[in-house]
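> What follows is work-v3.txt, compact mmCIF, C-alpha atoms.
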# COMPACT_ATOMS: atom_id res chain seq x y z
CA MET A 1 -9.85 3.48 29.23
CA SER A 2 -8.77 1.59 26.11
CA ARG A 3 -10.90 2.06 23.02
CA HIS A 4 -12.46 -0.78 21.12
CA VAL A 5 -13.41 -0.32 17.45
CA ALA A 6 -16.19 -2.58 16.20
CA ILE A 7 -16.48 -3.41 12.50
CA VAL A 8 -19.87 -3.64 10.82
CA THR A 9 -20.55 -4.49 7.17
CA ASP A 10 -23.53 -5.86 5.26
CA SER A 11 -24.52 -9.25 3.92
CA THR A 12 -23.31 -8.53 0.38
CA ALA A 13 -19.70 -8.83 1.60
CA TYR A 14 -20.24 -12.61 1.49
CA LEU A 15 -17.65 -13.29 4.15
CA PRO A 16 -17.67 -16.83 5.55
CA HIS A 17 -19.36 -16.99 8.95
CA ARG A 18 -16.26 -18.38 10.63
CA THR A 19 -14.15 -15.56 9.18
CA MET A 20 -16.54 -12.96 10.56
CA GLU A 21 -16.49 -14.60 13.98
CA ARG A 22 -12.69 -14.81 14.02
CA HIS A 23 -12.33 -11.13 13.11
CA GLY A 24 -15.26 -9.81 15.10
CA ILE A 25 -17.21 -8.54 12.07
CA THR A 26 -20.99 -8.10 12.12
CA ALA A 27 -22.98 -8.19 8.87
CA VAL A 28 -26.36 -6.45 8.57
CA PRO A 29 -28.61 -8.36 6.14
CA LEU A 30 -30.20 -6.90 3.04
CA THR A 31 -33.63 -8.16 2.04
CA VAL A 32 -34.82 -10.13 -0.97
CA VAL A 33 -38.49 -9.72 -1.86
CA LEU A 34 -39.78 -12.89 -3.50
CA GLY A 35 -43.34 -12.36 -4.64
CA ASP A 36 -45.02 -10.93 -1.55
CA ARG A 37 -42.46 -12.32 0.93
CA ALA A 38 -39.58 -10.24 2.34
CA LEU A 39 -36.67 -12.54 3.27
CA GLU A 40 -33.34 -11.71 4.92
CA GLU A 41 -30.28 -12.60 2.87
CA GLY A 42 -28.15 -15.29 4.43
CA THR A 43 -30.75 -16.74 6.79
CA GLU A 44 -34.19 -16.83 5.19
CA ILE A 45 -33.55 -17.48 1.49
CA SER A 46 -31.09 -19.83 -0.17
CA THR A 47 -29.38 -19.24 -3.47
CA ARG A 48 -31.04 -22.41 -4.78
CA SER A 49 -34.49 -21.02 -4.00
CA LEU A 50 -33.53 -17.75 -5.65
CA ALA A 51 -32.21 -19.45 -8.79
CA GLN A 52 -35.39 -21.50 -9.09
CA ALA A 53 -37.53 -18.37 -8.74
CA LEU A 54 -35.50 -16.53 -11.40
CA GLN A 55 -35.71 -19.46 -13.81
CA LYS A 56 -39.49 -19.49 -13.36
CA ARG A 57 -39.49 -15.71 -13.97
CA ARG A 58 -41.12 -15.01 -10.62
CA PRO A 59 -40.83 -11.35 -9.50
CA VAL A 60 -37.70 -10.84 -7.39
CA THR A 61 -36.51 -7.51 -6.00
CA THR A 62 -34.08 -6.45 -3.29
CA SER A 63 -34.25 -3.91 -0.49
CA ARG A 64 -31.76 -2.16 1.78
CA PRO A 65 -31.70 -2.84 5.54
CA SER A 66 -33.86 -0.44 7.51
CA PRO A 67 -32.22 2.32 9.57
CA GLN A 68 -33.82 0.64 12.58
CA LEU A 69 -31.92 -2.57 11.90
CA PHE A 70 -28.66 -0.64 11.72
CA ALA A 71 -29.55 1.22 14.93
CA GLU A 72 -30.10 -2.08 16.72
CA THR A 73 -26.77 -3.40 15.42
CA TYR A 74 -24.92 -0.31 16.61
CA ARG A 75 -26.64 -0.48 20.00
CA LYS A 76 -25.61 -4.12 20.49
CA ALA A 77 -22.02 -3.32 19.51
CA ALA A 78 -21.92 -0.52 22.11
CA GLU A 79 -23.40 -2.80 24.77
CA ALA A 80 -20.70 -5.36 23.96
CA GLY A 81 -18.02 -2.79 24.74
CA ALA A 82 -17.40 -0.93 21.49
CA THR A 83 -16.39 2.69 21.99
CA ASP A 84 -16.36 3.40 18.22
CA ILE A 85 -17.82 1.69 15.16
CA VAL A 86 -16.65 1.57 11.54
CA SER A 87 -19.55 0.63 9.25
CA LEU A 88 -18.42 -0.43 5.74
CA HIS A 89 -20.93 -0.99 2.97
CA LEU A 90 -21.53 -1.80 -0.66
CA SER A 91 -21.48 0.93 -3.24
CA ALA A 92 -24.06 3.67 -2.71
CA GLU A 93 -24.45 3.66 -6.51
CA LEU A 94 -26.01 0.20 -6.24
CA SER A 95 -28.01 0.33 -3.02
CA GLY A 96 -29.46 2.61 -0.37
CA THR A 97 -27.70 0.60 2.34
CA TYR A 98 -25.11 3.33 2.95
CA ASP A 99 -27.83 5.95 3.37
CA ALA A 100 -29.68 3.77 5.89
CA ALA A 101 -26.48 3.33 7.89
CA VAL A 102 -25.84 7.09 7.87
CA LEU A 103 -29.34 7.75 9.25
CA ALA A 104 -28.87 5.22 12.05
CA ALA A 105 -25.38 6.50 12.90
CA ARG A 106 -26.79 9.90 13.86
CA GLU A 107 -28.60 8.37 16.84
CA ALA A 108 -26.05 5.70 17.79
CA PRO A 109 -24.84 5.57 21.42
CA VAL A 110 -21.18 5.67 20.28
CA PRO A 111 -19.50 7.40 17.31
CA VAL A 112 -20.04 5.57 14.00
CA ARG A 113 -17.96 6.20 10.87
CA VAL A 114 -19.98 5.06 7.84
CA VAL A 115 -17.95 4.32 4.70
CA ASP A 116 -19.17 3.86 1.13
CA THR A 117 -16.49 1.48 -0.13
CA GLY A 118 -17.72 1.61 -3.71
CA MET A 119 -17.35 -2.19 -3.67
CA ILE A 120 -19.56 -5.28 -3.53
CA ALA A 121 -19.15 -9.00 -2.78
CA MET A 122 -15.66 -10.00 -1.63
CA ALA A 123 -14.38 -6.67 -2.95
CA LEU A 124 -16.30 -5.32 0.06
CA GLY A 125 -15.31 -8.32 2.17
CA PHE A 126 -11.60 -7.66 1.73
CA CYS A 127 -12.15 -4.05 2.86
CA ALA A 128 -13.95 -5.23 5.99
CA LEU A 129 -11.18 -7.71 6.75
CA ALA A 130 -8.51 -5.01 6.38
CA ALA A 131 -10.37 -2.75 8.83
CA ALA A 132 -10.96 -5.61 11.26
CA GLU A 133 -7.29 -6.58 11.33
CA VAL A 134 -6.40 -3.01 12.31
CA ALA A 135 -9.12 -2.90 14.96
CA GLN A 136 -8.02 -6.22 16.45
CA SER A 137 -4.47 -4.93 16.76
CA GLY A 138 -5.68 -1.92 18.75
CA GLY A 139 -5.79 0.57 15.91
CA THR A 140 -7.91 3.71 15.87
CA VAL A 141 -11.02 4.45 13.83
CA ASP A 142 -8.97 6.57 11.41
CA GLU A 143 -6.45 3.75 10.96
CA ALA A 144 -9.19 1.18 10.34
CA VAL A 145 -10.92 3.41 7.79
CA THR A 146 -7.62 4.16 6.06
CA ALA A 147 -6.86 0.43 5.80
CA ALA A 148 -10.27 -0.24 4.27
CA GLU A 149 -9.96 2.63 1.79
CA LYS A 150 -6.47 1.55 0.79
CA ARG A 151 -7.73 -1.96 0.19
CA ALA A 152 -10.62 -0.64 -1.89
CA SER A 153 -8.27 1.43 -4.06
CA GLY A 154 -6.26 -1.70 -4.90
CA THR A 155 -9.26 -3.92 -5.60
CA SER A 156 -10.92 -4.71 -8.93
CA ALA A 157 -14.00 -6.80 -9.65
CA PHE A 158 -14.95 -8.41 -12.95
CA PHE A 159 -18.08 -10.37 -13.85
CA TYR A 160 -19.39 -12.67 -16.53
CA VAL A 161 -23.15 -13.08 -16.85
CA ASP A 162 -25.15 -15.16 -19.28
CA THR A 163 -27.50 -12.24 -19.90
CA LEU A 164 -27.81 -8.57 -18.93
CA ASP A 165 -31.59 -8.86 -18.54
CA TYR A 166 -31.51 -9.25 -14.76
CA LEU A 167 -29.25 -6.22 -14.30
CA ARG A 168 -31.48 -4.20 -16.60
CA ARG A 169 -34.66 -5.20 -14.76
CA GLY A 170 -33.14 -4.18 -11.44
CA GLY A 171 -31.88 -0.85 -12.79
CA ARG A 172 -28.23 -1.74 -12.11
CA ILE A 173 -27.19 -1.23 -15.72
CA GLY A 174 -28.60 1.13 -18.32
CA THR A 175 -31.11 -0.06 -20.92
CA ALA A 176 -28.81 1.07 -23.75
CA GLN A 177 -25.88 -0.89 -22.29
CA ALA A 178 -28.10 -3.93 -21.82
CA PHE A 179 -29.26 -3.77 -25.41
CA PHE A 180 -25.72 -3.21 -26.67
CA GLY A 181 -24.44 -6.14 -24.62
CA SER A 182 -27.21 -8.42 -25.85
CA ALA A 183 -26.89 -7.55 -29.52
CA LEU A 184 -25.84 -10.36 -31.84
CA ALA A 185 -26.09 -12.82 -28.91
CA VAL A 186 -22.71 -11.81 -27.49
CA LYS A 187 -21.68 -12.67 -23.94
CA PRO A 188 -20.98 -9.65 -21.73
CA LEU A 189 -18.04 -9.07 -19.41
CA LEU A 190 -18.64 -6.42 -16.75
CA GLN A 191 -16.53 -4.51 -14.27
CA LEU A 192 -17.09 -2.47 -11.14
CA ASP A 193 -16.09 1.07 -12.06
CA GLY A 194 -16.69 4.11 -9.86
CA GLY A 195 -19.06 2.07 -7.76
CA ARG A 196 -21.20 1.20 -10.79
CA ILE A 197 -21.48 -1.93 -12.90
CA GLU A 198 -20.27 -1.11 -16.39
CA LEU A 199 -20.05 -3.11 -19.60
CA LEU A 200 -16.36 -3.93 -20.19
CA GLU A 201 -16.23 -6.16 -23.26
CA LYS A 202 -18.46 -8.26 -25.51
CA VAL A 203 -17.31 -11.76 -26.42
CA ARG A 204 -18.96 -14.12 -28.88
CA THR A 205 -19.37 -17.26 -26.76
CA ALA A 206 -19.52 -18.21 -23.08
CA SER A 207 -16.31 -20.24 -23.24
CA LYS A 208 -14.40 -17.38 -24.88
CA ALA A 209 -15.83 -14.90 -22.37
CA ILE A 210 -14.66 -17.00 -19.43
CA ALA A 211 -11.22 -17.44 -21.01
CA ARG A 212 -11.05 -13.68 -21.48
CA LEU A 213 -12.09 -13.17 -17.85
CA GLU A 214 -9.16 -15.34 -16.82
CA GLU A 215 -6.77 -13.25 -18.93
CA ILE A 216 -8.05 -9.99 -17.47
CA VAL A 217 -7.62 -11.30 -13.93
CA ALA A 218 -4.07 -12.52 -14.60
CA ASP A 219 -3.13 -9.18 -16.15
CA ARG A 220 -4.61 -7.18 -13.29
CA ALA A 221 -2.96 -9.35 -10.63
CA GLY A 222 0.51 -9.16 -12.16
CA ASP A 223 3.31 -10.38 -9.89
CA ALA A 224 2.33 -8.46 -6.74
CA PRO A 225 0.86 -10.19 -3.66
CA VAL A 226 -2.92 -10.40 -4.12
CA ASP A 227 -5.97 -12.08 -2.68
CA ILE A 228 -8.52 -13.38 -5.16
CA ALA A 229 -12.16 -14.39 -4.76
CA VAL A 230 -14.08 -16.35 -7.37
CA HIS A 231 -17.87 -16.00 -7.06
CA HIS A 232 -20.64 -17.81 -8.90
CA LEU A 233 -24.37 -18.47 -8.93
CA SER A 234 -25.45 -21.99 -9.84
CA ALA A 235 -22.13 -22.50 -11.65
CA ALA A 236 -19.97 -24.33 -9.10
CA ASP A 237 -18.09 -26.48 -11.61
CA ARG A 238 -17.19 -23.52 -13.83
CA ALA A 239 -16.11 -21.50 -10.78
CA SER A 240 -13.90 -24.32 -9.50
CA ALA A 241 -12.28 -24.79 -12.91
CA LEU A 242 -11.70 -21.04 -13.25
CA ALA A 243 -10.16 -20.89 -9.78
CA ASP A 244 -7.77 -23.71 -10.66
CA ARG A 245 -6.62 -21.93 -13.79
CA VAL A 246 -6.23 -18.61 -11.96
CA ARG A 247 -4.16 -20.34 -9.28
CA GLY A 248 -1.71 -21.43 -11.95
CA ARG A 249 -1.46 -18.00 -13.59
CA VAL A 250 -1.03 -15.65 -10.63
CA PRO A 251 2.45 -15.98 -9.09
CA GLY A 252 1.70 -13.54 -6.26
CA LEU A 253 -1.47 -15.30 -5.12
CA ALA A 254 -1.83 -15.24 -1.33
CA ASP A 255 -5.40 -16.38 -0.58
CA LEU A 256 -7.98 -17.74 -2.99
CA HIS A 257 -11.65 -17.85 -2.01
CA VAL A 258 -14.34 -19.66 -4.01
CA SER A 259 -17.96 -19.10 -3.01
CA GLU A 260 -21.50 -18.82 -4.28
CA VAL A 261 -22.95 -15.33 -4.07
CA GLY A 262 -25.97 -14.65 -1.94
CA ALA A 263 -29.48 -13.87 -3.03
CA VAL A 264 -29.07 -10.10 -3.35
CA ILE A 265 -26.37 -10.17 -6.03
CA GLY A 266 -27.94 -13.26 -7.55
CA ALA A 267 -31.25 -11.47 -8.00
CA HIS A 268 -29.53 -8.88 -10.20
CA THR A 269 -27.21 -11.16 -12.18
CA GLY A 270 -29.10 -14.40 -12.66
CA PRO A 271 -27.85 -18.01 -12.73
CA GLY A 272 -24.55 -18.60 -14.51
CA LEU A 273 -22.75 -15.65 -12.94
CA LEU A 274 -18.97 -15.88 -12.62
CA GLY A 275 -17.23 -13.07 -10.79
CA VAL A 276 -13.58 -12.55 -9.85
CA VAL A 277 -12.28 -10.05 -7.30
CA VAL A 278 -8.57 -9.16 -7.35
CA SER A 279 -7.37 -7.36 -4.25
CA ALA A 280 -3.81 -6.16 -3.71
CA ARG A 281 -2.41 -6.74 -0.23
Take the structure from the file and write it as structure tokens.

Amino acid sequence: MSRHVAIVTDSTAYLPHRTMERHGITAVPLTVVLGDRALEEGTEISTRSLAQALQKRRPVTTSRPSPQLFAETYRKAAEAGATDIVSLHLSAELSGTYDAAVLAAREAPVPVRVVDTGMIAMALGFCALAAAEVAQSGGTVDEAVTAAEKRASGTSAFFYVDTLDYLRRGGRIGTAQAFFGSALAVKPLLQLDGGRIELLEKVRTASKAIARLEEIVADRAGDAPVDIAVHHLSAADRASALADRVRGRVPGLADLHVSEVGAVIGAHTGPGLLGVVVSAR
């Protein structure tokens, strides 16, 4: 009997729906709590609604998927013919999603390998795609996990935010870092480091910060073949302009994705976010 490896990720990978369908990837949604309403990311809350709520300073929090939701996802994958499952998720430093998946995997009808990628957004999405390509070609669980981990090791993520207040409120960056980044009205540049969001640099103005973000991306990409994703929240024009400039500065560019982040990341970064993921092939 041939083995079929199913790939599961979560909604913070922000993979296009058509891409997930083409590669057979299932995404388990995280939850955004808006006031007293719990809404699934990707289906029940739009980024526009989120941005409006944040601008009105309405209480917004996020929550991991329940172990029961993961269990149902694993059960459906097994019923569809999966003999093994690789479940790839955002950094355990940022969310309890990985822990929920681990709990559900213990009772799954088929073996489930749960992986903390240490990534988020398309940094996670590229890992899921790497694993899915191996699975589609008939690869084993070990080969799919190795492909995802290799992709993660060659992936960097950088972010510009207008303010660190949202990250501080959600506990995703330390109060001291938030204060330091906000001092003298500087604009913060952040990076994903060890699965955590860390302050990278402080720049005096938004325009200089975005120009510096472009330089960092070009330096990190070098001449090697890379995929790049440009993310934003309520900043489509700035994201498009940044993507155009990156396209002209990265000679090894293979694929370039431009997309608005979902409500979970948006809740912790606020409107004006620009993020760039650089992922070596």
> Name the residues in contact with stretch 186-198 of chain A at a cut-off of 7 Å, using all atoms listed in the file, excluding same-chain residues fewer than 6 positions from it; report them as an MDAnalysis selection string.
chainID A and resid 91 93:94 118:119 156:162 172:173 204:206 209
> With C-alpha atoms retained, export the selected residues as a PDB file, keeping the file's coordinate frame.

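Listing of selection37.pdb after writing:
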ATOM      1  CA  SER A  91     -21.480   0.930  -3.240  1.00  0.00           C
ATOM      2  CA  GLU A  93     -24.450   3.660  -6.510  1.00  0.00           C
ATOM      3  CA  LEU A  94     -26.010   0.200  -6.240  1.00  0.00           C
ATOM      4  CA  GLY A 118     -17.720   1.610  -3.710  1.00  0.00           C
ATOM      5  CA  MET A 119     -17.350  -2.190  -3.670  1.00  0.00           C
ATOM      6  CA  SER A 156     -10.920  -4.710  -8.930  1.00  0.00           C
ATOM      7  CA  ALA A 157     -14.000  -6.800  -9.650  1.00  0.00           C
ATOM      8  CA  PHE A 158     -14.950  -8.410 -12.950  1.00  0.00           C
ATOM      9  CA  PHE A 159     -18.080 -10.370 -13.850  1.00  0.00           C
ATOM     10  CA  TYR A 160     -19.390 -12.670 -16.530  1.00  0.00           C
ATOM     11  CA  VAL A 161     -23.150 -13.080 -16.850  1.00  0.00           C
ATOM     12  CA  ASP A 162     -25.150 -15.160 -19.280  1.00  0.00           C
ATOM     13  CA  ARG A 172     -28.230  -1.740 -12.110  1.00  0.00           C
ATOM     14  CA  ILE A 173     -27.190  -1.230 -15.720  1.00  0.00           C
ATOM     15  CA  ARG A 204     -18.960 -14.120 -28.880  1.00  0.00           C
ATOM     16  CA  THR A 205     -19.370 -17.260 -26.760  1.00  0.00           C
ATOM     17  CA  ALA A 206     -19.520 -18.210 -23.080  1.00  0.00           C
ATOM     18  CA  ALA A 209     -15.830 -14.900 -22.370  1.00  0.00           C
TER      19      ALA A 209
END
> What is the atom CA of A:Gly154-atom CA of A:Arg22 distance in Å, reported with one decimal?
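So the two atoms, atom CA of A:Gly154 and atom CA of A:Arg22, lie 23.9 Å apart.
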> For each of A:Val276, A:Ala130, A:Val33, A:Ile210, take the minimum atom-to-atom distance to A:Ala53, counting only C-alpha atoms, then give the residue where this is smallest.
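Selected residue with least distance to A:Ala53: A:Val33.
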> Pick out the closest residue to A:Pro67 from this set: A:Leu124, A:Ala104, A:Val5, A:Leu233. Count all atoms listed in the file.
A:Ala104
> Using all atoms listed in the file, determine which residues lie at most 7 Å from stretch 145-149 of chain A, disregarding the query and same-chain residues fewer than 5 positions distant; provide the list as a CSV table (one decimal) with C-alpha atoms, in the coordinates of the input.

chain,number,residue,atom,x,y,z
A,117,THR,CA,-16.5,1.5,-0.1
A,127,CYS,CA,-12.2,-4.0,2.9
A,128,ALA,CA,-14.0,-5.2,6.0
A,130,ALA,CA,-8.5,-5.0,6.4
A,131,ALA,CA,-10.4,-2.8,8.8
> Counting all atoms listed in the file, which residue out of A:Gly24, A:Gly266, A:Pro16, A:Pro271 sits closest to A:Thr62?
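That would be A:Gly266, the residue with the smallest distance to A:Thr62.
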> Need the shell around stretch 107-115 of chain A: protein/DNA/RNA residues with any atom at most 10 Å away, counting only C-alpha atoms. Skip same-chain ones fewer than 2 positions apart. Format as number ranges by chain?
A: 5-9, 70-79, 82-92, 98-105, 117-118, 141-142, 145, 148-149
> What separation in Å, quoted to one decimal, exists between atom CA of A:Arg58 and atom CA of A:Ala236?
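Atom-to-atom, atom CA of A:Arg58 to atom CA of A:Ala236, that is 23.2 Å.
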> Measuring atom to atom with all atoms listed in the file, identify which of A:Thr26, A:Gln55, A:Ser240, A:Thr97 is nearest to A:Gly125.
A:Thr26
> I'd like the neighbourhood of A:Leu30 as a list in words, where a residue qualifies if any of its atoms comes within 8 Å (using all atoms listed in the file), though same-chain residues fewer than 3 positions away should be ignored.
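Contacts, in chain order: Asp10, Ser11, Thr12, Glu40, Glu41, Thr62, Ser63, Arg64, Pro65, Thr97 and Val264 of chain A.
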> Interatomic distance between atom CA of A:Val278 and atom CA of A:Thr155?
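That distance, rounded to one decimal, is 5.6 Å.
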> Which residue, A:Leu164, A:Leu274, A:Leu200, A:Val217, has the smallest gap to A:Ala235 when you use only C-alpha atoms?
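Closest to A:Ala235, using only C-alpha atoms: A:Leu274.
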> With all atoms of stretch 62-71 of chain A from the file as input, state the centre and edge lengths in Å to one decimal of the axis-aligned box that has 5 Å extra on each side, as AutoDock Vina command-line options.

--center_x -31.5 --center_y -2.1 --center_z 5.8 --size_x 15.6 --size_y 18.8 --size_z 28.2
> Which of these residues is nearest to A:Ala121, using only C-alpha atoms: A:Ile25, A:Ala152, A:Ala51, A:Leu199?
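Among the listed residues, A:Ala152 lies closest to A:Ala121.
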> Considering all atoms listed in the file, return as a PyMOL selection string whatever protein or nucleic-acid residues lie within 8 Å of A:Ala254, sequence-local ones (same chain, fewer than 5 positions apart) excluded.
chain A and resi 225-228
